[in-house]
file upload.txt (compact mmCIF, C-alpha atoms)
# COMPACT_ATOMS: atom_id res chain seq x y z
CA MET Y 752 10.34 11.18 21.34
CA VAL Y 753 7.98 8.34 20.41
CA GLU Y 754 6.60 6.32 23.33
CA LEU Y 755 6.10 2.62 22.65
CA LEU Y 756 3.10 0.60 23.76
CA GLY Y 757 3.26 -1.89 26.62
CA PRO Y 758 0.80 -4.59 27.79
CA ALA Y 759 -1.37 -2.14 29.75
CA GLU Y 760 -1.64 0.29 26.82
CA ILE Y 761 -2.47 -2.51 24.37
CA ARG Y 762 -5.27 -3.84 26.54
CA GLY Y 763 -6.50 -0.31 27.20
CA LEU Y 764 -6.72 0.46 23.48
CA ALA Y 765 -8.46 -2.83 22.80
CA ALA Y 766 -11.01 -2.11 25.52
CA GLU Y 767 -11.57 1.44 24.25
CA LEU Y 768 -12.23 0.21 20.72
CA ASP Y 769 -14.12 -2.91 21.88
CA VAL Y 770 -11.64 -4.92 19.81
CA ARG Y 771 -11.78 -8.66 20.30
CA PRO Y 772 -8.86 -10.18 18.39
CA THR Y 773 -10.10 -12.67 15.82
CA LYS Y 774 -8.47 -15.78 14.37
CA LYS Y 775 -10.04 -14.92 11.01
CA LEU Y 776 -7.87 -11.79 10.70
CA GLY Y 777 -4.94 -13.39 12.49
CA GLN Y 778 -4.91 -10.67 15.13
CA ASN Y 779 -2.22 -11.20 17.75
CA PHE Y 780 -0.89 -7.86 18.96
CA VAL Y 781 2.74 -7.40 20.05
CA HIS Y 782 2.80 -5.90 23.53
CA ASP Y 783 6.51 -6.16 24.33
CA PRO Y 784 8.51 -2.96 23.63
CA ASN Y 785 11.81 -4.86 23.66
CA THR Y 786 10.63 -7.09 20.82
CA VAL Y 787 9.64 -4.01 18.83
CA ARG Y 788 13.05 -2.42 19.42
CA ARG Y 789 14.76 -5.64 18.36
CA ILE Y 790 12.85 -5.76 15.08
CA VAL Y 791 13.54 -2.10 14.35
CA GLU Y 792 17.26 -2.51 15.04
CA LEU Y 793 17.44 -5.38 12.53
CA VAL Y 794 15.91 -3.28 9.76
CA HIS Y 795 18.40 -0.38 9.89
CA LEU Y 796 15.98 2.38 8.89
CA GLY Y 797 16.82 6.05 8.60
CA PRO Y 798 15.07 9.40 8.07
CA ASP Y 799 15.16 9.06 4.29
CA ASP Y 800 13.46 5.64 4.22
CA VAL Y 801 9.87 4.77 3.37
CA VAL Y 802 8.71 1.55 4.99
CA LEU Y 803 5.56 -0.44 4.33
CA GLU Y 804 3.84 -2.06 7.31
CA VAL Y 805 1.03 -4.56 6.80
CA GLY Y 806 -1.48 -5.08 9.58
CA PRO Y 807 -0.31 -2.43 12.06
CA GLY Y 808 -3.12 -3.33 14.44
CA LEU Y 809 -3.00 -1.18 17.55
CA GLY Y 810 0.30 0.43 16.54
CA SER Y 811 3.06 -1.31 18.53
CA LEU Y 812 5.45 -1.80 15.62
CA THR Y 813 4.28 1.37 13.86
CA LEU Y 814 5.51 3.51 16.73
CA GLY Y 815 8.87 1.74 16.76
CA LEU Y 816 9.33 2.27 13.04
CA LEU Y 817 8.39 5.94 13.29
CA ALA Y 818 10.92 6.39 16.10
CA THR Y 819 13.69 5.84 13.52
CA GLY Y 820 12.63 8.93 11.61
CA ALA Y 821 11.39 6.88 8.66
CA ARG Y 822 8.10 7.47 6.88
CA VAL Y 823 5.62 4.64 7.49
CA VAL Y 824 2.85 3.55 5.13
CA ALA Y 825 0.53 1.27 7.09
CA VAL Y 826 -1.99 -0.96 5.30
CA GLU Y 827 -4.78 -2.04 7.65
CA ILE Y 828 -7.87 -4.04 6.66
CA ASP Y 829 -9.81 -3.39 9.89
CA PRO Y 830 -11.58 0.01 9.60
CA VAL Y 831 -11.73 0.51 13.37
CA LEU Y 832 -7.99 -0.02 13.77
CA ALA Y 833 -7.19 2.04 10.66
CA GLU Y 834 -9.13 5.00 12.02
CA ARG Y 835 -7.55 4.83 15.49
CA LEU Y 836 -3.89 4.47 14.44
CA PRO Y 837 -3.21 8.13 13.48
CA LYS Y 838 -4.66 9.23 16.82
CA THR Y 839 -2.45 6.76 18.71
CA VAL Y 840 0.63 8.10 16.93
CA ALA Y 841 -0.40 11.71 17.60
CA GLU Y 842 -0.76 10.90 21.30
CA ARG Y 843 2.52 9.00 21.73
CA GLY Y 844 4.74 10.74 19.19
CA PRO Y 845 3.24 14.03 17.96
CA GLU Y 846 6.33 14.94 15.96
CA ALA Y 847 6.03 11.67 14.00
CA ALA Y 848 2.36 12.00 13.07
CA GLU Y 849 3.03 13.68 9.73
CA ARG Y 850 5.26 10.78 8.69
CA LEU Y 851 2.45 8.23 8.95
CA THR Y 852 0.11 7.32 6.10
CA VAL Y 853 -2.68 4.83 6.80
CA ILE Y 854 -4.34 2.99 3.94
CA GLU Y 855 -7.48 1.04 4.77
CA ALA Y 856 -7.18 -1.90 2.41
CA ASP Y 857 -6.60 -5.61 2.04
CA ALA Y 858 -2.84 -6.14 1.61
CA LEU Y 859 -3.60 -8.94 -0.85
CA ARG Y 860 -5.30 -6.43 -3.14
CA VAL Y 861 -3.39 -3.21 -2.56
CA THR Y 862 -1.77 -1.85 -5.73
CA ASN Y 863 1.50 -0.12 -6.42
CA ALA Y 864 -0.38 3.03 -7.41
CA GLU Y 865 -1.70 3.35 -3.84
CA LEU Y 866 1.77 3.28 -2.28
CA PRO Y 867 4.52 5.95 -2.28
CA GLU Y 868 7.35 3.64 -3.43
CA PRO Y 869 8.30 2.00 -0.12
CA ALA Y 870 11.76 0.43 -0.07
CA ALA Y 871 11.24 -1.99 2.80
CA LEU Y 872 8.47 -4.21 4.14
CA VAL Y 873 8.36 -4.68 7.91
CA ALA Y 874 5.35 -6.43 9.38
CA ASN Y 875 3.87 -8.84 11.88
CA LEU Y 876 1.88 -10.87 9.37
CA PRO Y 877 -1.24 -12.94 10.02
CA TYR Y 878 -0.25 -16.59 9.91
CA ASN Y 879 -2.87 -17.63 7.37
CA VAL Y 880 -1.89 -15.14 4.66
CA ALA Y 881 1.80 -14.43 5.34
CA VAL Y 882 3.28 -16.01 2.21
CA PRO Y 883 0.58 -14.76 -0.21
CA VAL Y 884 0.98 -11.21 1.15
CA VAL Y 885 4.77 -11.20 0.76
CA LEU Y 886 4.61 -12.63 -2.77
CA HIS Y 887 1.84 -10.24 -3.83
CA LEU Y 888 3.73 -7.20 -2.57
CA LEU Y 889 7.02 -8.23 -4.18
CA ALA Y 890 5.21 -8.72 -7.49
CA GLU Y 891 3.13 -5.55 -7.23
CA VAL Y 892 5.61 -3.10 -5.68
CA PRO Y 893 8.94 -3.02 -7.57
CA SER Y 894 10.37 -0.42 -5.19
CA LEU Y 895 10.47 -3.00 -2.36
CA LYS Y 896 14.11 -3.99 -2.02
CA SER Y 897 14.07 -5.77 1.34
CA GLY Y 898 11.82 -7.03 4.07
CA LEU Y 899 11.68 -8.33 7.63
CA VAL Y 900 8.49 -10.14 8.55
CA MET Y 901 7.33 -11.91 11.66
CA VAL Y 902 5.49 -15.12 10.82
CA GLN Y 903 4.67 -18.51 12.32
CA THR Y 904 7.87 -20.52 12.84
CA GLU Y 905 6.79 -23.28 10.46
CA VAL Y 906 6.06 -20.68 7.77
CA ALA Y 907 9.43 -19.03 8.39
CA ASP Y 908 11.18 -22.37 7.96
CA ARG Y 909 9.42 -23.00 4.64
CA MET Y 910 10.14 -19.50 3.35
CA ALA Y 911 13.87 -19.86 4.01
CA ALA Y 912 14.28 -23.57 3.18
CA GLY Y 913 16.74 -24.77 0.56
CA PRO Y 914 16.59 -27.68 -1.93
CA GLY Y 915 16.67 -31.19 -0.47
CA SER Y 916 14.86 -30.22 2.72
CA ARG Y 917 11.61 -31.91 3.69
CA ILE Y 918 9.99 -28.49 4.15
CA TYR Y 919 11.31 -27.04 0.89
CA GLY Y 920 8.42 -26.29 -1.44
CA VAL Y 921 6.39 -23.74 -3.35
CA PRO Y 922 6.90 -20.79 -0.91
CA SER Y 923 10.65 -21.47 -0.80
CA VAL Y 924 11.08 -21.42 -4.59
CA LYS Y 925 8.76 -18.50 -5.29
CA LEU Y 926 10.39 -16.28 -2.67
CA ALA Y 927 13.83 -17.32 -3.93
CA TRP Y 928 12.84 -16.10 -7.41
CA TYR Y 929 12.90 -12.55 -5.98
CA GLY Y 930 16.03 -13.01 -3.92
CA PRO Y 931 17.60 -14.72 -0.88
CA ALA Y 932 15.65 -15.24 2.34
CA ARG Y 933 16.89 -16.30 5.75
CA LYS Y 934 15.43 -17.00 9.15
CA VAL Y 935 16.85 -14.38 11.49
CA ALA Y 936 15.54 -15.04 15.00
CA ALA Y 937 12.90 -16.79 17.04
CA VAL Y 938 10.10 -14.82 18.70
CA PRO Y 939 8.42 -16.31 21.80
CA ARG Y 940 4.64 -16.47 21.88
CA SER Y 941 4.61 -14.62 25.21
CA VAL Y 942 5.21 -11.25 23.49
CA PHE Y 943 1.75 -11.36 21.90
CA TRP Y 944 -1.74 -10.66 23.15
CA PRO Y 945 -3.68 -12.84 22.98
CA VAL Y 946 -1.00 -15.51 23.28
CA PRO Y 947 -1.07 -17.63 20.08
CA ASN Y 948 -0.84 -21.41 20.05
CA VAL Y 949 2.32 -21.28 17.93
CA ASP Y 950 5.78 -19.75 18.08
CA SER Y 951 6.94 -17.10 15.64
CA ALA Y 952 10.14 -16.17 13.87
CA LEU Y 953 11.62 -13.30 11.89
CA VAL Y 954 12.43 -13.83 8.21
CA ALA Y 955 14.57 -11.36 6.29
CA PHE Y 956 14.70 -11.21 2.51
CA GLU Y 957 16.26 -9.07 -0.19
CA ARG Y 958 15.34 -8.49 -3.79
CA GLY Y 959 18.09 -9.69 -6.08
CA ASP Y 960 18.50 -10.42 -9.77
CA ALA Y 961 15.73 -12.72 -10.99
CA PRO Y 962 16.82 -16.02 -12.56
CA ALA Y 963 16.93 -16.25 -16.34
CA SER Y 964 13.20 -16.40 -17.00
CA ASP Y 965 11.24 -13.47 -18.35
CA ASP Y 966 7.88 -15.07 -17.54
CA ARG Y 967 7.38 -15.21 -13.79
CA GLU Y 968 3.80 -16.45 -14.04
CA ARG Y 969 4.83 -19.36 -16.25
CA LEU Y 970 7.66 -20.29 -13.89
CA PHE Y 971 5.33 -20.10 -10.89
CA ARG Y 972 2.80 -22.40 -12.60
CA LEU Y 973 5.66 -24.80 -13.23
CA VAL Y 974 6.64 -24.71 -9.55
CA ASP Y 975 3.02 -25.31 -8.48
CA ALA Y 976 2.87 -28.36 -10.77
CA ALA Y 977 6.22 -29.72 -9.61
CA PHE Y 978 5.16 -29.76 -5.96
CA SER Y 979 1.52 -30.73 -6.44
CA GLN Y 980 2.55 -34.38 -6.27
CA ARG Y 981 5.81 -34.37 -4.32
CA ARG Y 982 6.41 -38.11 -4.52
CA LYS Y 983 6.23 -38.26 -8.29
CA THR Y 984 9.17 -37.71 -10.59
CA LEU Y 985 9.19 -34.41 -12.46
CA ARG Y 986 8.43 -36.23 -15.71
CA ALA Y 987 5.14 -37.38 -14.21
CA ALA Y 988 4.38 -34.33 -12.08
CA LEU Y 989 4.86 -31.92 -14.99
CA ALA Y 990 2.78 -33.90 -17.50
CA GLY Y 991 -0.20 -31.58 -17.13
CA TRP Y 992 1.92 -28.45 -17.28
CA ALA Y 993 3.85 -29.59 -20.36
CA GLY Y 994 0.97 -31.30 -22.14
CA SER Y 995 2.18 -34.85 -21.66
CA ALA Y 996 4.71 -36.85 -19.68
CA GLU Y 997 6.71 -37.38 -22.85
CA ARG Y 998 6.86 -33.65 -23.54
CA ALA Y 999 7.79 -32.99 -19.91
CA GLY Y 1000 10.67 -35.44 -20.23
CA GLU Y 1001 11.91 -33.69 -23.36
CA LEU Y 1002 11.85 -30.27 -21.67
CA LEU Y 1003 13.68 -31.61 -18.62
CA VAL Y 1004 16.41 -33.14 -20.74
CA ALA Y 1005 16.71 -29.90 -22.71
CA ALA Y 1006 17.17 -28.05 -19.41
CA GLY Y 1007 19.83 -30.50 -18.27
CA ILE Y 1008 17.58 -32.06 -15.60
CA ASP Y 1009 17.19 -35.82 -15.07
CA PRO Y 1010 13.46 -36.59 -15.70
CA LYS Y 1011 13.52 -38.93 -12.69
CA THR Y 1012 14.38 -36.03 -10.39
CA ARG Y 1013 11.79 -34.73 -7.91
CA GLY Y 1014 10.91 -31.06 -7.49
CA GLU Y 1015 12.34 -30.81 -4.00
CA GLN Y 1016 15.82 -31.43 -5.41
CA LEU Y 1017 15.85 -28.37 -7.69
CA ASP Y 1018 16.65 -24.76 -6.91
CA VAL Y 1019 14.99 -21.76 -8.52
CA HIS Y 1020 17.62 -21.57 -11.25
CA ASP Y 1021 16.86 -25.16 -12.26
CA PHE Y 1022 13.16 -24.32 -12.51
CA ALA Y 1023 13.98 -21.23 -14.56
CA ARG Y 1024 15.89 -23.38 -17.06
CA ILE Y 1025 12.93 -25.74 -17.40
CA ALA Y 1026 10.55 -22.81 -17.94
CA ALA Y 1027 12.88 -21.33 -20.54
CA ALA Y 1028 13.15 -24.69 -22.34
CA GLY Y 1029 9.37 -24.74 -22.66

call {"tool": "encode", "arguments": {"input": "upload.txt", "output": "structure tokens"}}
result
Amino acid sequence: MVELLGPAEIRGLAAELDVRPTKKLGQNFVHDPNTVRRIVELVHLGPDDVVLEVGPGLGSLTLGLLATGARVVAVEIDPVLAERLPKTVAERGPEAAERLTVIEADALRVTNAELPEPAALVANLPYNVAVPVVLHLLAEVPSLKSGLVMVQTEVADRMAAGPGSRIYGVPSVKLAWYGPARKVAAVPRSVFWPVPNVDSALVAFERGDAPASDDRERLFRLVDAAFSQRRKTLRAALAGWAGSAERAGELLVAAGIDPKTRGEQLDVHDFARIAAAG
């Protein structure tokens, strides 16, 4: 049996390691076992699964994931926390210790070669790098088929937003290129230590069939250009990307898009058609 961490254990570990959570690393540790159980239940992991966790911190979510029988690959940038995690697991779930692999690395730079083909990403992500981490891992690790991440509510809304929404933008389109994303549930700030100044939410996503564009980098540059000046029409916003406003207009027409349209009105398939036309 794996014993989860509560508020007293979290503070005890932090005191033992002289860990002072920093805003720079986005360190807000989950200390509520019920929240951990809720996340784990939503993921539906089994003994044959390999799950990737980014930023395990003191091990709250790690222990919950290991309790399912799954193998956990934890990527932790803080050397002190990375060194302590295996010991924490050995203390609170000895039978699960052999199913944990800890990689001391920056999740924004970790490569597929360093990971044993995880199928799912489950993580409490630092607010300042949540979207870049998810996009990097989806691009770098083809074995990732699904994910459930806890992020700032505003970030969650942008990740799951659809065309026409005020918050629809670059993160929405780029994540949609890999597959559908949806906001699953709200997470109160009270379940973290220290208590953050923002609320959080869970976002689930699945890898699907990519739209008809064989050049992801080109499509992503197109998306960046389309939203760099949200108030401009696509003909004007894409002038730099296409070489000129006139050329941008030609590509839009070829893709069946009105040149007077704005980026926020298009879905990922529309952007793929524009990229293909170019």

call {"tool": "closest_residue", "arguments": {"input": "upload.txt", "among": "Y:Gly920, Y:Gly1007, Y:Gly915, Y:Gly930", "to": "Ala977 in chain Y", "atoms": "only C-alpha atoms"}}
result
Y:Gly920

call {"tool": "residues_near_point", "arguments": {"input": "upload.txt", "point": "(11.0, -35.2, -4.2)", "cutoff": "12 Å", "atoms": "all atoms listed in the file", "output": "list in words"}}
result
Pro914, Gly915, Ser916, Arg917, Ile918, Tyr919, Gly920, Ala977, Phe978, Ser979, Gln980, Arg981, Arg982, Lys983, Thr984, Leu985, Arg986, Ala987, Ala988, Pro1010, Lys1011, Thr1012, Arg1013, Gly1014, Glu1015, Gln1016 and Leu1017 of chain Y

call {"tool": "residues_around", "arguments": {"input": "upload.txt", "residues": "range 891-903 of chain Y", "least_positions_apart": "2", "cutoff": "9 Å", "atoms": "all atoms listed in the file", "output": "PyMOL selection string"}}
result
chain Y and resi 790+793-794+802-803+861-864+866+868-878+881-882+885-889+905-908+935+938+949-959

call {"tool": "residues_near_point", "arguments": {"input": "upload.txt", "point": "(2.7, 0.4, 16.0)", "cutoff": "10 Å", "atoms": "only C-alpha atoms", "output": "list in words"}}
result
Leu755, Leu756, Phe780, Val781, His782, Val787, Glu804, Gly806, Pro807, Gly808, Leu809, Gly810, Ser811, Leu812, Thr813, Leu814, Gly815, Leu816, Leu817, Val823, Ala825, Leu836, Thr839, Val840 and Ala874 of chain Y

call {"tool": "axis_aligned_box", "arguments": {"input": "upload.txt", "around": "range 781-795 of chain Y", "padding_each_side": "4 Å", "output": "JSON"}}
result
{"center_x": 10.6, "center_y": -3.9, "center_z": 17.0, "size_x": 23.7, "size_y": 15.0, "size_z": 22.6}

call {"tool": "atom_distance", "arguments": {"input": "upload.txt", "atom1": "CA of Pro947 in chain Y", "atom2": "CA of Asp769 in chain Y"}}
result
19.8 Å

call {"tool": "atom_distance", "arguments": {"input": "upload.txt", "atom1": "CA of Trp992 in chain Y", "atom2": "CA of Val884 in chain Y"}}
result
25.3 Å
